[in-house]
Amino acid sequence: MIPPAESELAKQILNLKQGDHLCLFYDKDPAEQMPALVPFIQEGLSRDEQFIYIADDQTVEELTGRLEKDGIDVAKESDRGRLKLWTRRQWRQPGELSSDRKSLQVRQFVNEAMGAGFRGVRFAVEMTWTLGPDIAVQQLEHWEATINMIFVPDFPGRIICQYNRSRLDPDVMLAALHTHPLAILGEDVCSNLFYQAPLILDGSGHSHGNGNASDLSAARVEWMISQLKRARLAERERETLLQQQTELLNKLAQEANQRLAAIVESSDDAIISKDLNGIITSWNRGAERLFGYQAEEIVGRPITILIPQEHINEEPGILKRIRHGDRIDHYETVRRCKDGRLVDISLSVSPVRDVQGRIIGASKIARDITERKRSEQALREAREQLARANSELELRVQERTAELAETNSQLEAFVYSIAHDLRAPLRSMQAFSTMLVDEYAPHLDEKARHYAQRIAASAERMDALVLDLLAYGRVARSEIILDTVNVHAAWTSALCQNEQTIRDKNALVEVTSPLPTVRAHEATLGQVLANLLSNALKFVAPGAVPRLRFWAEERPEIVRLWIEDNGIGIAADHRDRVFRVFERLNPRYPGTGIGLSIVRKGVERMGGRVGLESTLGQGSRFWIELLKA
């Protein structure tokens, strides 16, 4: 049995799924890892999964002690093959690290475990110990990125890669941040904002510096970790706020129920419930005072005990209407008390439903007309109090939303500033690499020319990323003043921006006239249409000629602009993801993953909406909605 989780981290660890790949960062002491590892191991053993741990002897001994302290018989589990505590000799392969050979090795470990009857395999690898001092950062980064091709959803394995921040080079930490979808920082499992494994495997990921760049790499690591912590803190604050809201609503509901029960019990009106057979199931004090029966005398007896013989035919009709869901209001009739007296009452009868909405009985209120207003006032005050509480909650949510929006705005401003500051050194890098390739190539050997060409290509990719970041920053931060904008002029601007690509690909672009005017910001609308056009030109099957169509659809108060292509299409579960920042769903095609996020940000800032219709392999139709001019 797994002991109850004692910390928030333990609870999060137990929520990990098959195919998860995450990194665990600790500062200095391997003991910092244990709160994360022990629940991870205990859960795996309880589910009859094999656990493989690779670390130095001291850390293995410390883990063994922790497991035995928590009731795990390490020797027994090792003999059964469920627990494997290895040194790096069993993990490392001869020669340089090869992602392909290592992938086969990992799959072999999993296949052997499944063949032995285990339900899965969990790995934990102390990277500080197992890598060795001679591992190249690029090799590590490629291997960690490759792990994501093995550990996919429903793969019968999970893996934690452990990194010691005090012993590993900052470039190694950058590689870890780029290649793990999830990260453990202290007491939290965080979604990694800086995950770039598909870019790395595609050859378009970030390259690492060395020597003079070590300080910059260390600073980037610290900044990335601070952002992960900040994002997790914001998420926790949202969770706490939601929990507080839920608790407050539950408290208000409980208080309302208690008030209602108190009102029912203390009401001067007779409040009675009965089942669909007319058998009394509850009886309040008001009923006692009005009819003279105590609850223990009458609960379980038929309601007809209160009905005079001359009114006995009323009950079947009332029950019939209740079964149909009807409510009977202010029905004036006569009822008989215990002492035989007949009283005139105003009777209201309502259906009683269970949690599935089925009618299971009726609630009856027999009242003196003069007391009616007092009961209504009490109920009205209860509703008003609940409404005031809801208004206060809504105000608190709005205030918190505004705070989160301000935080997001500050982060966008920071990204824009960093991208702007990178332009000057990037331009120098492009200029010097171009000189090496174009002017000094005859003086370089083949290896040097290859390196110069790689530098130039990396600079071009970085330049595209910086330009897109700057474009995103401009759209997100620039002043937006809506005006009457001619869609035809904005489309013409988009065509000019993509003119070379249209010519190179012999693309066929069709425009259906007329194109109306809208309420928009001209430069922003031109950027949005240019990005949608660029996206449509890019994602076509190899060798296919792009065919695009642009038209406008006028609706009440809005205009919907469409761009249709004959590209590769988008899967249904990816349609929301394509508009996120740095989302690249198909790494075979070049790009930065920012273009469509600029589209969404620009359209939203103009007060519109964006969306798409697509079928995988059958092209896409993107649309944006703006107000009519």
# chains A, B, ... in the order shown; residues from 1 in each chain; ligands from 1
call {"tool": "residues_around", "arguments": {"residues": "Asp27 in chain A", "least_positions_apart": "5", "cutoff": "9 Å", "atoms": "only C-alpha atoms", "output": "PyMOL selection string"}}
result
chain A and resi 32+163-167
call {"tool": "closest_residue", "arguments": {"among": "A:Arg66, A:Lys538, A:Gln243, A:Gly300", "to": "Gly278 in chain A", "atoms": "only C-alpha atoms"}}
result
A:Gly300
call {"tool": "closest_residue", "arguments": {"among": "A:Val355, A:Val349, A:Ala571, A:Val299", "to": "Ile318 in chain A", "atoms": "only C-alpha atoms"}}
result
A:Val349
call {"tool": "select_by_dssp", "arguments": {"residues": "range 463-613 of chain A", "states": "alpha helix (DSSP H)", "output": "PyMOL selection string"}}
result
chain A and resi 463-477+487-497+499-504+522-538+595-605
call {"tool": "residues_around", "arguments": {"residues": "Pro30 in chain A", "least_positions_apart": "6", "cutoff": "12 Å", "atoms": "only C-alpha atoms", "output": "VMD selection string"}}
result
chain A and resid 24 36 to 37 55 to 63 126 to 129 162 to 167
